[in-house]
Every structure is written in structure tokens, then in C-alpha cells.
Amino acid sequence: MVSLRFPFLFSQPQPPQSPRQFPAFAAAAAAAGATVAFVAVSSDRDRPFLRNALSSFFSTNHSLPLWGSLSLADNGVPVVESKTGASFPSVLDSSQKLCGIGLRRKSILGLKNIDVYAFGVYADDSDIKSYLSEKYGKLSASQLKGKKEFTEDLMENDISMTIRLQIVYSKLSIRSVRSAFEESVGSRLKKFGGSDNKELLQRFTSQFKDEIKIPRGSVIHLSREKGHILRTSIDGQEVGSIQSKLLCRSILDLYFGEESFDKQAKEEIELNMASYLQS
């Protein structure tokens with residue numbers, strides 16, 4: 001049996017084979033009003049983002065624009081990543097909404113690619129509006145799609161966000177997680193900070209102690225809280241917090257930055273975050 005310990009190789013992020021489509025859905029009108037919500041949904045066969053969460057609640061309307069706000073706070077239906085079966089709540093901590101889901105894959109000795117964890121990116125839509133509506137409020141989500149400056153502002157501003165990692169590889173060890181973050185986060189710290197920042201990196205990776213077990217189904221939260229505090233928890237237990245704008249930026253860059261782990265997920269995340277400005 002192959003165990004995901006040393007050595008292993010990172011599979012390089014691959015661009016999507018074709019642009020991910022976002023067919024729009026119109027919500028059923030509420031009894032108390034006539035507010036219409038647009039929901040961006042991926043039609044990718046392998047990861048039909050939100051399809052099963054919305055199928056009973058939304059009706060297709062192809063005349064609607066191909067963008068919209070992703071808001072399931074009232075619906076509360078979990079979203080399932082179809083390749084792995086990992087289930088993601090539509091809302092975290094009553095205010096952070098799911099913006100997109102993706103997969104982290106690794107290559108073992110260059111011979112085999114495995115799915116290590118599924119991830120979901122959550123953001124507080126009111127924070128996005130508060131920090132970015134003045135600058136981007138007059139632009140549509142489609143105009144902001146792929147706009148590097150918008151993505152940079154999402155990562156730089158003090159917007160509450162959470163990266164939820166759900167372990168799907170049963171032989172993953174905490175040492176492998178620590179080693180992976182040493183490489184991926186370490187490279188971002190150097191890129192954005194201009195130096196190795198070894199002490200900051202060590203403070204972060206030392207939170208993943210050898211005695212922690214992460215069987216399949218374990219959940220890791222990497223949350224940026226107010227004041228650029230990165231709070232880390234594993235299966236609901238906090239393992240540490242670090243105040244560092246640079247570290248928060250480096251973590252977020254892994255999941256929707258320029259060289260993110262999953263390019264299709266990056267597109268979903270950016271588009272849905274942009275839609276919050278119009279919701």
C-alpha cells in the first residue's frame with residue numbers, strides 16, 4: 001500500500017480545458033416580496049457545483065445573464081463535491097457564504113495522482129460590499145471576472161473568509177500536511193514578503209503537531225478573522241492563531257490566487273465573490 005509520506009511531488013496547477021460555464025437560475029419569489037436572486041452554478045460534469053443543492057429550489061432561465069450571486073443562507077442545503085462525496089455547508093458561522101469548491105491533488109513519485117482533500121472557500125458578503133463596493137460597485141460580475149486587481153483586493157482587505165479543507169485520502173499523515181504547507185505557504189511568503197520569513201512559516205506549520213490524527217473526513221479550517229488574524233482549527237478544535245496580513249494573504253493565494261491549486265474553482269470563487277457586490 002502506498003502511504004502519503006515522504007517523498008511526494010506537487011502536481012502543477014493545470015488550466016481548465018475549456019471555460020467553466022455558469023448557467024443562471026432564478027429563485028422562486030418569496031411570499032412577502034418579489035426579490036429575484038441569481039445563482040451562479042457550474043455545469044462541469046465532474047464537479048456540478050451546487051446542482052443537487054439547487055435542483056429542487058431553482059428553475060432554469062436561459063435569458064438571464066450568465067452570472068449571479070450565490071446565496072443559500074435561507075436554503076441551507078449542503079453542497080456535495082461529486083468526485084469525492086465531500087459535503088460542504090452552504091453557510092459557515094451564520095455570515096460566511098460558500099463561494100466555490102475544488103480539489104487538491106498530489107502526485108506520488110510522479111507515477112500516480114491522488115485526490116488529497118476537497119476544499120470550499122467562504123466569505124462574508126457584507127464585508128465584500130463594505131470594503132469593495134465603492135471601487136467596484138458599478139461593475140457587473142462578468143466585467144470583474146478574471147480581473148487581477150479585484151482578486152488582489154479580495155486578498156489584501158480585511159474581509160472575513162474561511163478555507164475549509166475536507167480530507168478524502170485515508171492514508172494522509174499530519175507530517176505530509178505540514179510538509180506540504182512548508183513548501184506551498186513558504187513560497188508565497190517569499191513571493192509576497194520578499195524574504196523567506198522562516199520564523200513566521202515555522203509558527204504556522206508547528207500548529208500541525210505529530211500527535212494529531214486526520215483520518216478521511218477530518219475537517220481543517222483556515223479562517224481569516226478581523227485584524228488579519230489567521231485562526232486554524234482541526235475537527236472543531238482550535239490549534240492556533242497568528243496575526244499576520246502576509247500569512248493570511250499567502251494562505252488565500254493557494255486557493256484563488258494566480259497560481260491556485262484548482263483553476264476551475266478559482267473562476268467560480270472569483271465570480272461568486274464579484275456577484276455579492278450586486279446582491
# chains A, B, ... in the order shown; residues from 1 in each chain; ligands from 1
call {"tool": "select_by_dssp", "arguments": {"residues": "segment 153-201 of chain A", "states": "alpha helix (DSSP H)", "output": "NGL selection string"}}
result
:A and (153-156 or 174-193 or 198-201)
call {"tool": "write_last_selection", "arguments": {"atoms": "N, CA, C and O atoms", "output": "compact mmCIF listing (two decimals), in the first residue's frame"}}
result
# COMPACT_ATOMS: atom_id res chain seq x y z
N ASP A 153 -7.48 42.71 -4.34
CA ASP A 153 -8.18 43.45 -3.29
C ASP A 153 -8.94 42.51 -2.35
O ASP A 153 -9.05 42.77 -1.15
N LEU A 154 -9.47 41.43 -2.87
CA LEU A 154 -10.14 40.44 -2.02
C LEU A 154 -9.17 39.86 -1.00
O LEU A 154 -9.52 39.63 0.15
N MET A 155 -7.93 39.63 -1.43
CA MET A 155 -6.94 39.03 -0.54
C MET A 155 -6.31 40.05 0.40
O MET A 155 -5.93 39.72 1.53
N GLU A 156 -6.19 41.29 -0.04
CA GLU A 156 -5.49 42.31 0.74
C GLU A 156 -6.37 42.92 1.83
O GLU A 156 -5.88 43.28 2.90
N ILE A 174 -0.35 13.78 9.19
CA ILE A 174 -0.20 15.18 9.56
C ILE A 174 1.17 15.70 9.15
O ILE A 174 1.35 16.88 8.85
N ARG A 175 2.17 14.82 9.11
CA ARG A 175 3.50 15.23 8.67
C ARG A 175 3.49 15.65 7.21
O ARG A 175 4.16 16.61 6.82
N SER A 176 2.71 14.95 6.40
CA SER A 176 2.60 15.31 4.99
C SER A 176 1.89 16.66 4.83
O SER A 176 2.27 17.45 3.97
N VAL A 177 0.88 16.89 5.65
CA VAL A 177 0.19 18.20 5.61
C VAL A 177 1.17 19.31 5.98
O VAL A 177 1.25 20.34 5.31
N ARG A 178 1.93 19.08 7.04
CA ARG A 178 2.91 20.08 7.48
C ARG A 178 3.95 20.34 6.40
O ARG A 178 4.30 21.49 6.10
N SER A 179 4.45 19.27 5.80
CA SER A 179 5.46 19.40 4.75
C SER A 179 4.90 20.14 3.52
O SER A 179 5.58 20.98 2.92
N ALA A 180 3.66 19.82 3.17
CA ALA A 180 3.03 20.47 2.02
C ALA A 180 2.89 21.97 2.26
O ALA A 180 3.16 22.78 1.36
N PHE A 181 2.46 22.36 3.46
CA PHE A 181 2.32 23.78 3.76
C PHE A 181 3.69 24.46 3.84
O PHE A 181 3.82 25.64 3.49
N GLU A 182 4.69 23.76 4.31
CA GLU A 182 6.03 24.34 4.34
C GLU A 182 6.46 24.77 2.95
O GLU A 182 7.06 25.84 2.77
N GLU A 183 6.14 23.95 1.96
CA GLU A 183 6.52 24.27 0.58
C GLU A 183 5.61 25.33 -0.03
O GLU A 183 6.08 26.34 -0.56
N SER A 184 4.30 25.09 0.02
CA SER A 184 3.37 25.97 -0.68
C SER A 184 3.22 27.34 -0.01
O SER A 184 3.29 28.38 -0.67
N VAL A 185 3.05 27.35 1.31
CA VAL A 185 2.94 28.62 2.02
C VAL A 185 4.29 29.32 2.05
O VAL A 185 4.38 30.55 1.90
N GLY A 186 5.36 28.54 2.22
CA GLY A 186 6.70 29.13 2.23
C GLY A 186 7.02 29.89 0.96
O GLY A 186 7.58 30.99 1.00
N SER A 187 6.63 29.33 -0.18
CA SER A 187 6.90 30.00 -1.46
C SER A 187 6.09 31.30 -1.58
O SER A 187 6.57 32.29 -2.13
N ARG A 188 4.87 31.30 -1.04
CA ARG A 188 4.04 32.52 -1.09
C ARG A 188 4.57 33.59 -0.14
O ARG A 188 4.55 34.78 -0.46
N LEU A 189 5.02 33.18 1.03
CA LEU A 189 5.59 34.16 1.96
C LEU A 189 6.78 34.87 1.33
O LEU A 189 6.96 36.08 1.48
N LYS A 190 7.58 34.11 0.63
CA LYS A 190 8.75 34.69 -0.04
C LYS A 190 8.31 35.58 -1.19
O LYS A 190 8.87 36.67 -1.40
N LYS A 191 7.32 35.14 -1.93
CA LYS A 191 6.83 35.91 -3.08
C LYS A 191 6.24 37.25 -2.66
O LYS A 191 6.54 38.29 -3.26
N PHE A 192 5.40 37.24 -1.62
CA PHE A 192 4.71 38.47 -1.22
C PHE A 192 5.49 39.28 -0.19
O PHE A 192 5.28 40.48 -0.08
N GLY A 193 6.36 38.60 0.57
CA GLY A 193 7.11 39.31 1.61
C GLY A 193 8.52 39.68 1.23
O GLY A 193 9.16 40.48 1.91
N LYS A 198 11.12 32.63 7.60
CA LYS A 198 11.17 31.28 8.16
C LYS A 198 10.50 31.20 9.53
O LYS A 198 9.85 30.21 9.85
N GLU A 199 10.65 32.25 10.33
CA GLU A 199 10.04 32.22 11.67
C GLU A 199 8.52 32.21 11.58
O GLU A 199 7.86 31.44 12.29
N LEU A 200 7.97 33.03 10.71
CA LEU A 200 6.51 33.07 10.53
C LEU A 200 6.02 31.73 9.98
O LEU A 200 4.99 31.21 10.45
N LEU A 201 6.73 31.18 9.03
CA LEU A 201 6.33 29.89 8.46
C LEU A 201 6.37 28.80 9.53
O LEU A 201 5.46 27.97 9.62
call {"tool": "select_by_dssp", "arguments": {"residues": "segment 67-270 of chain A", "states": "strand (DSSP E or B)", "output": "ChimeraX atom specification"}}
result
/A:79-80,87-88,91-92,96-108,112-124,161-167,172,219-225,229-234,237-243
call {"tool": "residues_around", "arguments": {"residues": "segment 243-249 of chain A", "least_positions_apart": "6", "cutoff": "6 Å", "atoms": "only C-alpha atoms", "output": "list in words"}}
result
Met155, His228, Ile229 and Leu230 of chain A
call {"tool": "closest_residue", "arguments": {"among": "A:Lys209, A:Arg164, A:Arg224, A:Arg216", "to": "Cys99 of chain A", "atoms": "only C-alpha atoms"}}
result
A:Arg164
call {"tool": "closest_residue", "arguments": {"among": "A:Gly76, A:Pro89, A:Gly137, A:Gly240", "to": "Gln207 of chain A", "atoms": "only C-alpha atoms"}}
result
A:Gly240
call {"tool": "residues_around", "arguments": {"residues": "Tyr122 of chain A", "least_positions_apart": "4", "cutoff": "6 Å", "atoms": "only C-alpha atoms", "output": "list in words"}}
result
Gln96, Lys97, Leu98, Cys99, Met161 and Thr162 of chain A
call {"tool": "atom_distance", "arguments": {"atom1": "atom CA of Leu111 of chain A", "atom2": "atom CA of Tyr169 of chain A"}}
result
16.6 Å
call {"tool": "closest_residue", "arguments": {"among": "A:Ala86, A:Ile128, A:Val116, A:Ile251", "to": "Ile214 of chain A", "atoms": "only C-alpha atoms"}}
result
A:Val116
call {"tool": "residues_around", "arguments": {"residues": "Tyr117 of chain A", "least_positions_apart": "6", "cutoff": "6 Å", "atoms": "only C-alpha atoms", "output": "PDB file with N, CA and C atoms, in the first residue's frame"}}
result
ATOM      1  N   ARG A 104      -7.712  19.398  -4.172  1.00  0.00           N
ATOM      2  CA  ARG A 104      -6.251  19.448  -4.088  1.00  0.00           C
ATOM      3  C   ARG A 104      -5.731  18.061  -4.439  1.00  0.00           C
ATOM      4  N   GLN A 166     -11.490  19.364   3.533  1.00  0.00           N
ATOM      5  CA  GLN A 166     -12.088  18.101   3.962  1.00  0.00           C
ATOM      6  C   GLN A 166     -11.245  16.952   3.404  1.00  0.00           C
ATOM      7  N   ILE A 167     -10.602  16.218   4.317  1.00  0.00           N
ATOM      8  CA  ILE A 167      -9.662  15.175   3.940  1.00  0.00           C
ATOM      9  C   ILE A 167     -10.411  14.017   3.275  1.00  0.00           C
ATOM     10  N   VAL A 168      -9.926  13.601   2.098  1.00  0.00           N
ATOM     11  CA  VAL A 168     -10.558  12.484   1.396  1.00  0.00           C
ATOM     12  C   VAL A 168      -9.577  11.328   1.169  1.00  0.00           C
TER      13      VAL A 168
END
call {"tool": "closest_residue", "arguments": {"among": "A:Asn113, A:Gly120, A:Gly236, A:Ser160", "to": "Val80 of chain A", "atoms": "only C-alpha atoms"}}
result
A:Gly120
call {"tool": "residues_around", "arguments": {"residues": "Ile101 of chain A", "least_positions_apart": "6", "cutoff": "8 Å", "atoms": "only C-alpha atoms", "output": "ChimeraX atom specification"}}
result
/A:49,81,118-121,265,268-269
call {"tool": "write_last_selection", "arguments": {"atoms": "N, CA and C atoms", "output": "mmCIF file, in the first residue's frame"}}
result
data_model
loop_
_atom_site.group_PDB
_atom_site.id
_atom_site.type_symbol
_atom_site.label_atom_id
_atom_site.label_comp_id
_atom_site.auth_asym_id
_atom_site.auth_seq_id
_atom_site.Cartn_x
_atom_site.Cartn_y
_atom_site.Cartn_z
ATOM 1 N N PHE A 49 -21.192 22.034 -9.586
ATOM 2 C CA PHE A 49 -21.254 22.869 -8.388
ATOM 3 C C PHE A 49 -22.661 23.346 -8.110
ATOM 4 N N GLU A 81 -19.276 17.733 -3.275
ATOM 5 C CA GLU A 81 -18.260 17.651 -4.326
ATOM 6 C C GLU A 81 -18.372 16.245 -4.923
ATOM 7 N N ALA A 118 -10.793 17.861 -0.569
ATOM 8 C CA ALA A 118 -11.668 18.809 -1.235
ATOM 9 C C ALA A 118 -11.676 20.083 -0.398
ATOM 10 N N PHE A 119 -11.854 21.217 -1.041
ATOM 11 C CA PHE A 119 -11.876 22.472 -0.283
ATOM 12 C C PHE A 119 -13.028 23.356 -0.731
ATOM 13 N N GLY A 120 -13.503 24.138 0.220
ATOM 14 C CA GLY A 120 -14.512 25.141 -0.048
ATOM 15 C C GLY A 120 -14.032 26.491 0.463
ATOM 16 N N VAL A 121 -14.324 27.532 -0.281
ATOM 17 C CA VAL A 121 -13.939 28.889 0.112
ATOM 18 C C VAL A 121 -15.197 29.673 0.472
ATOM 19 N N ALA A 265 -11.979 26.026 -9.816
ATOM 20 C CA ALA A 265 -12.509 26.534 -8.554
ATOM 21 C C ALA A 265 -12.222 28.027 -8.420
ATOM 22 N N GLU A 268 -14.837 30.009 -10.237
ATOM 23 C CA GLU A 268 -16.108 30.007 -9.502
ATOM 24 C C GLU A 268 -16.063 30.980 -8.333
ATOM 25 N N ILE A 269 -14.987 30.901 -7.573
ATOM 26 C CA ILE A 269 -14.847 31.717 -6.364
ATOM 27 C C ILE A 269 -14.857 33.196 -6.712
#
call {"tool": "residues_around", "arguments": {"residues": "Gln278 of chain A", "least_positions_apart": "3", "cutoff": "8 Å", "atoms": "only C-alpha atoms", "output": "list in words"}}
result
Ser69, Gly137, Ser140, Ala141, Ala274 and Ser275 of chain A
call {"tool": "atom_distance", "arguments": {"atom1": "atom CA of Ile234 of chain A", "atom2": "atom CA of His221 of chain A"}}
result
6.5 Å
call {"tool": "closest_residue", "arguments": {"among": "A:Lys171, A:Leu132, A:Phe261, A:Arg105", "to": "Lys83 of chain A", "atoms": "only C-alpha atoms"}}
result
A:Arg105
call {"tool": "atom_distance", "arguments": {"atom1": "atom CA of Gly85 of chain A", "atom2": "atom CA of Asp115 of chain A"}}
result
11.6 Å
call {"tool": "closest_residue", "arguments": {"among": "A:Leu144, A:Ile163, A:Ser130, A:Glu258", "to": "Leu92 of chain A", "atoms": "only C-alpha atoms"}}
result
A:Ile163
call {"tool": "decode", "arguments": {"residues": "segment 132-177 of chain A", "atoms": "N, CA and C atoms", "output": "compact mmCIF listing (two decimals), in the first residue's frame"}}
result
# COMPACT_ATOMS: atom_id res chain seq x y z
N LEU A 132 -15.32 46.88 -0.82
CA LEU A 132 -15.05 46.96 -2.26
C LEU A 132 -16.16 47.58 -3.10
N SER A 133 -17.33 47.87 -2.52
CA SER A 133 -18.43 48.39 -3.33
C SER A 133 -18.12 49.77 -3.92
N GLU A 134 -17.40 50.60 -3.18
CA GLU A 134 -17.08 51.94 -3.70
C GLU A 134 -16.21 51.84 -4.95
N LYS A 135 -15.31 50.91 -4.96
CA LYS A 135 -14.36 50.78 -6.09
C LYS A 135 -14.96 49.99 -7.24
N TYR A 136 -15.73 48.95 -6.93
CA TYR A 136 -16.20 48.05 -7.98
C TYR A 136 -17.71 47.95 -8.11
N GLY A 137 -18.45 48.68 -7.30
CA GLY A 137 -19.90 48.53 -7.24
C GLY A 137 -20.63 48.78 -8.55
N LYS A 138 -20.05 49.58 -9.44
CA LYS A 138 -20.71 49.90 -10.70
C LYS A 138 -20.38 48.90 -11.80
N LEU A 139 -19.52 47.94 -11.50
CA LEU A 139 -19.14 46.93 -12.48
C LEU A 139 -19.93 45.65 -12.25
N SER A 140 -20.31 44.99 -13.31
CA SER A 140 -21.02 43.73 -13.20
C SER A 140 -20.03 42.61 -12.85
N ALA A 141 -20.57 41.50 -12.39
CA ALA A 141 -19.72 40.36 -12.06
C ALA A 141 -18.97 39.87 -13.30
N SER A 142 -19.63 39.91 -14.46
CA SER A 142 -18.97 39.47 -15.68
C SER A 142 -17.81 40.39 -16.05
N GLN A 143 -17.92 41.68 -15.74
CA GLN A 143 -16.82 42.62 -16.01
C GLN A 143 -15.65 42.40 -15.06
N LEU A 144 -15.95 41.91 -13.86
CA LEU A 144 -14.89 41.67 -12.88
C LEU A 144 -14.25 40.31 -13.04
N LYS A 145 -14.87 39.44 -13.82
CA LYS A 145 -14.34 38.09 -14.00
C LYS A 145 -12.92 38.14 -14.58
N GLY A 146 -12.00 37.50 -13.87
CA GLY A 146 -10.62 37.45 -14.33
C GLY A 146 -9.83 38.74 -14.12
N LYS A 147 -10.42 39.71 -13.43
CA LYS A 147 -9.74 40.98 -13.19
C LYS A 147 -8.77 40.82 -12.02
N LYS A 148 -7.49 40.86 -12.31
CA LYS A 148 -6.46 40.57 -11.30
C LYS A 148 -6.53 41.55 -10.13
N GLU A 149 -6.81 42.81 -10.40
CA GLU A 149 -6.84 43.81 -9.33
C GLU A 149 -7.94 43.51 -8.32
N PHE A 150 -9.09 43.02 -8.82
CA PHE A 150 -10.19 42.66 -7.93
C PHE A 150 -9.80 41.51 -7.01
N THR A 151 -9.15 40.50 -7.58
CA THR A 151 -8.70 39.36 -6.78
C THR A 151 -7.68 39.81 -5.74
N GLU A 152 -6.78 40.69 -6.13
CA GLU A 152 -5.78 41.20 -5.19
C GLU A 152 -6.45 41.93 -4.04
N ASP A 153 -7.48 42.71 -4.34
CA ASP A 153 -8.18 43.45 -3.29
C ASP A 153 -8.94 42.51 -2.35
N LEU A 154 -9.47 41.43 -2.87
CA LEU A 154 -10.14 40.44 -2.02
C LEU A 154 -9.17 39.86 -1.00
N MET A 155 -7.93 39.63 -1.43
CA MET A 155 -6.94 39.03 -0.54
C MET A 155 -6.31 40.05 0.40
N GLU A 156 -6.19 41.29 -0.04
CA GLU A 156 -5.49 42.31 0.74
C GLU A 156 -6.37 42.92 1.83
N ASN A 157 -7.67 43.07 1.55
CA ASN A 157 -8.55 43.74 2.51
C ASN A 157 -8.95 42.79 3.65
N ASP A 158 -9.42 43.38 4.74
CA ASP A 158 -9.71 42.63 5.97
C ASP A 158 -11.11 42.00 5.91
N ILE A 159 -11.32 41.18 4.88
CA ILE A 159 -12.60 40.52 4.65
C ILE A 159 -12.58 39.15 5.34
N SER A 160 -13.59 38.87 6.13
CA SER A 160 -13.66 37.59 6.83
C SER A 160 -13.86 36.46 5.82
N MET A 161 -12.97 35.49 5.85
CA MET A 161 -13.02 34.35 4.94
C MET A 161 -12.59 33.09 5.67
N THR A 162 -13.02 31.95 5.14
CA THR A 162 -12.59 30.65 5.67
C THR A 162 -12.31 29.70 4.52
N ILE A 163 -11.18 29.02 4.60
CA ILE A 163 -10.88 27.92 3.70
C ILE A 163 -11.18 26.63 4.47
N ARG A 164 -12.11 25.85 3.99
CA ARG A 164 -12.49 24.60 4.64
C ARG A 164 -11.90 23.43 3.85
N LEU A 165 -11.02 22.67 4.49
CA LEU A 165 -10.39 21.51 3.86
C LEU A 165 -11.03 20.24 4.41
N GLN A 166 -11.49 19.36 3.53
CA GLN A 166 -12.09 18.10 3.96
C GLN A 166 -11.24 16.95 3.40
N ILE A 167 -10.60 16.22 4.32
CA ILE A 167 -9.66 15.18 3.94
C ILE A 167 -10.41 14.02 3.27
N VAL A 168 -9.93 13.60 2.10
CA VAL A 168 -10.56 12.48 1.40
C VAL A 168 -9.58 11.33 1.17
N TYR A 169 -8.28 11.55 1.38
CA TYR A 169 -7.30 10.48 1.23
C TYR A 169 -7.05 9.85 2.59
N SER A 170 -7.40 8.59 2.72
CA SER A 170 -7.42 7.94 4.04
C SER A 170 -6.04 7.73 4.64
N LYS A 171 -4.98 7.76 3.82
CA LYS A 171 -3.64 7.50 4.34
C LYS A 171 -2.81 8.77 4.54
N LEU A 172 -3.48 9.91 4.53
CA LEU A 172 -2.78 11.17 4.72
C LEU A 172 -2.28 11.31 6.16
N SER A 173 -1.03 11.71 6.32
CA SER A 173 -0.47 11.92 7.65
C SER A 173 -0.34 13.41 7.92
N ILE A 174 -0.35 13.78 9.19
CA ILE A 174 -0.20 15.18 9.56
C ILE A 174 1.17 15.70 9.15
N ARG A 175 2.17 14.82 9.11
CA ARG A 175 3.50 15.23 8.67
C ARG A 175 3.49 15.65 7.21
N SER A 176 2.71 14.95 6.40
CA SER A 176 2.60 15.31 4.99
C SER A 176 1.89 16.66 4.83
N VAL A 177 0.88 16.89 5.65
CA VAL A 177 0.19 18.20 5.61
C VAL A 177 1.17 19.31 5.98
